[in-house]
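Colleague: Next up is a structure, given as structure tokens.
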Amino acid sequence: MSSKKDNFDMTGLTAALNAEDRADLVNALKDKLLDLTGKHSDVLENLSPVVRKRVEVLQEVQSQHDELEAKFMEERAALEAKYQKLYQPLYTMRYEIVNGVVEVEGVPAQAETGDDEDKAAEKGVPDFWLNAMKNNEVLAEEISERDEGALKYLKDIKWCKIAAPKGFKLEFFFDTNPYFKNSVLIKTYHMIDEDEPILEKVLGTEIDWLPGKSLTQKILKRKPKKGSKNAKPITKTEQCESFFNFFNPPQVPEDDEDIDEDAAEELQNSMEQDYDIGSTIRDKIIPHAVSWYTGEAAQDEYGDVDDDEDDEEDEDDDEEEDEDEDEEDDDEEEDEEESKTKKKPSAGHKKSGRTAPPVGDGQQPPECKQQ
């Protein structure tokens, strides 16, 4: 008898395994592959000799393709590493301009003079990373209004590959701020397989919040009940939605037997969502931050939302016009019917001299009155 648990997604299952369990998993997969190989040989045996020979040649072609693909993956990794080094000076220049470390040519002289408050307000590009992330739909869903105050202090985001264990690391650099003491918040993804994003585990920096400034928790205070001996207010701490929960990723229990089916599915969804956020920052926000800040990247990725809304409004207007035309046609048809009804009784009156029969209370309707 099969169940959802039997069909559990291998990506989520593999993510929940420790090193020892992974060895067992590899052996299990080998056995499974041998079993599948046996099934494939059965398929070949059931083929006619001519077709079987053709399939064997196709297998050789596939093998050559796989060798080329492996070479491509190797060369791609080297090429990515090469260009990551070439990107670094550009990222440094972006950091310096965004944070006002250097000034660009062509800035008007009046922007360099004035009182200290104006200088502080115009330094660099205020709220650069906050606005860049808010323009991305995946990240915008994670950023609450309360988070924005802290994210205004975000100076830079970097990422790098890690070799042992394989994976990547995100670094968020913050200016001194009234929310937490950390100057750098780090998120690390350990991968079992980089090509197929199978997570082993995810680590995040523990945020050292300043007193009463936590954005991931809120403290609720209630007055004690009347007559209670304890006169102090009752305090309760609740978790709340925040982008900074990103640094407290979902953790996989050491013993997967402790996870029931529903909890395993929820854990898998949480880890997939967490990876989606991390890979979005790595692949989209960091390399194209300026385009996300200006909104160009959002327009390219999601299309022009305003145009879509205008198209929908135009369609609604067209539908309303069609409905109005249909109603006018119905009114015209009703007028024609009424016109015919008026003509019929008068014709009868000329022939027989009888009036039209009474309607309702015996009185004729106004349109049927005889002259």
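All residue names refer to the structure tokens as shown: chains lettered A, B, ... in order, residues numbered from 1 in each chain, ligands numbered from 1 in order.
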Which polymer residues have any atom within 8 Å of an atom of Ser242 in chain A, counting only C-alpha atoms, with same-chain residues fewer than 5 positions away left out, as a list in words?
Modeller: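 Residues near the query, excluding close chain neighbours: Glu142, Ile143, Ser144, Arg146, Asp147, Leu215 and Thr216 of chain A.
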Colleague: Next, dump the selected residues to file, keeping only C-alpha atoms, as a tab-separated table (two decimals), in the first residue's frame.
Modeller:
```tsv
chain	number	residue	atom	x	y	z
A	142	GLU	CA	9.44	39.07	3.06
A	143	ILE	CA	10.05	42.73	3.94
A	144	SER	CA	7.62	44.16	6.48
A	146	ARG	CA	8.94	47.48	10.42
A	147	ASP	CA	11.97	46.00	8.60
A	215	LEU	CA	12.06	42.90	14.55
A	216	THR	CA	11.41	39.16	14.63
```
Colleague: If you run DSSP on the backbone here, which positions in range 26-233 of chain A get alpha helix (DSSP H)? Please write them as an MDAnalysis selection string.
Modeller: chainID A and resid 26:45 49:98 109:112 116:122 128:134 137:140 147:151
Colleague: How far is it from CA of Cys160 in chain A to CA of Gly100 in chain A, in Å with one decimal?
Modeller: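 So the answer is 24.6 Å.
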Colleague: CA of Ala164 in chain A and CA of Pro253 in chain A are how many Å apart?
Modeller: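 CA of Ala164 in chain A sits 21.9 Å away from CA of Pro253 in chain A.
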Colleague: Skip Gln251 in chain A itself and residues of its chain fewer than 6 positions away, then list as a ChimeraX atom specification all residues within 9 Å of it, counting only C-alpha atoms.
Modeller: /A:16,201-203,267,271
Colleague: If we count only C-alpha atoms and set the cut-off at 6 Å, which residues sit around range 189-194 of chain A, ignoring sequence neighbours fewer than 3 positions away in its own chain? Please answer as a ChimeraX atom specification.
Modeller: /A:166-168,197-202
Colleague: Based on the selection just made, write N, CA, C and O atoms of those residues as a compact mmCIF listing (two decimals), in the first residue's frame.
Modeller:
```
# COMPACT_ATOMS: atom_id res chain seq x y z
N LYS A 166 30.52 22.01 -0.17
CA LYS A 166 30.11 22.82 -1.31
C LYS A 166 28.89 23.66 -0.96
O LYS A 166 28.05 23.24 -0.16
N GLY A 167 28.80 24.82 -1.59
CA GLY A 167 27.65 25.69 -1.34
C GLY A 167 28.01 27.13 -1.63
O GLY A 167 28.95 27.42 -2.38
N PHE A 168 27.29 28.04 -1.01
CA PHE A 168 27.59 29.46 -1.18
C PHE A 168 27.21 30.23 0.07
O PHE A 168 26.44 29.75 0.90
N PRO A 197 20.08 21.66 -6.96
CA PRO A 197 20.15 22.34 -5.65
C PRO A 197 19.55 21.53 -4.51
O PRO A 197 18.41 21.71 -4.12
N ILE A 198 20.36 20.58 -4.04
CA ILE A 198 19.93 19.74 -2.92
C ILE A 198 20.64 20.24 -1.66
O ILE A 198 21.87 20.20 -1.58
N LEU A 199 19.87 20.72 -0.72
CA LEU A 199 20.44 21.31 0.49
C LEU A 199 20.81 20.24 1.52
O LEU A 199 20.06 19.30 1.75
N GLU A 200 21.96 20.43 2.13
CA GLU A 200 22.33 19.61 3.27
C GLU A 200 21.89 20.30 4.56
O GLU A 200 21.21 19.72 5.40
N LYS A 201 22.28 21.57 4.67
CA LYS A 201 21.83 22.36 5.82
C LYS A 201 22.04 23.84 5.50
O LYS A 201 22.77 24.20 4.57
N VAL A 202 21.39 24.68 6.29
CA VAL A 202 21.47 26.13 6.11
C VAL A 202 21.79 26.76 7.46
O VAL A 202 21.20 26.40 8.48
```
Colleague: At a cut-off of 12 Å, using only C-alpha atoms, what residues contact Val138 in chain A? Leave out same-chain residues fewer than 2 positions from it and give the result as a VMD selection string.
Modeller: chain A and resid 132 to 136 140 to 143 243 273 to 281 284 to 285 298 301 to 302
Colleague: Would you kindly return, as a PyMOL selection string, each protein, DNA or RNA residue with an atom no farther than 8 Å from any atom of Tyr153 in chain A, considering only C-alpha atoms and excluding same-chain residues fewer than 3 positions away?
Modeller: chain A and resi 127+149-150+174-177
Colleague: Distance CA of Leu151 in chain A-CA of Leu185 in chain A, one decimal place?
Modeller: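 Atom-to-atom, CA of Leu151 in chain A to CA of Leu185 in chain A, that is 11.9 Å.
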Colleague: So that I can see what lies close to Glu96 in chain A, please list as a ChimeraX atom specification the residues with an atom at most 12 Å from it, counting only C-alpha atoms and leaving out residues fewer than 5 positions away in the same chain.
Modeller: /A:89-91,101-104,123-125,155-156
Colleague: Would you return as a ChimeraX atom specification the members of range 87-294 of chain A that DSSP assigns to strand (DSSP E or B) on this structure's backbone?
Modeller: /A:154-162,167-174,180,184-193,198-204,209,217-222,234-239
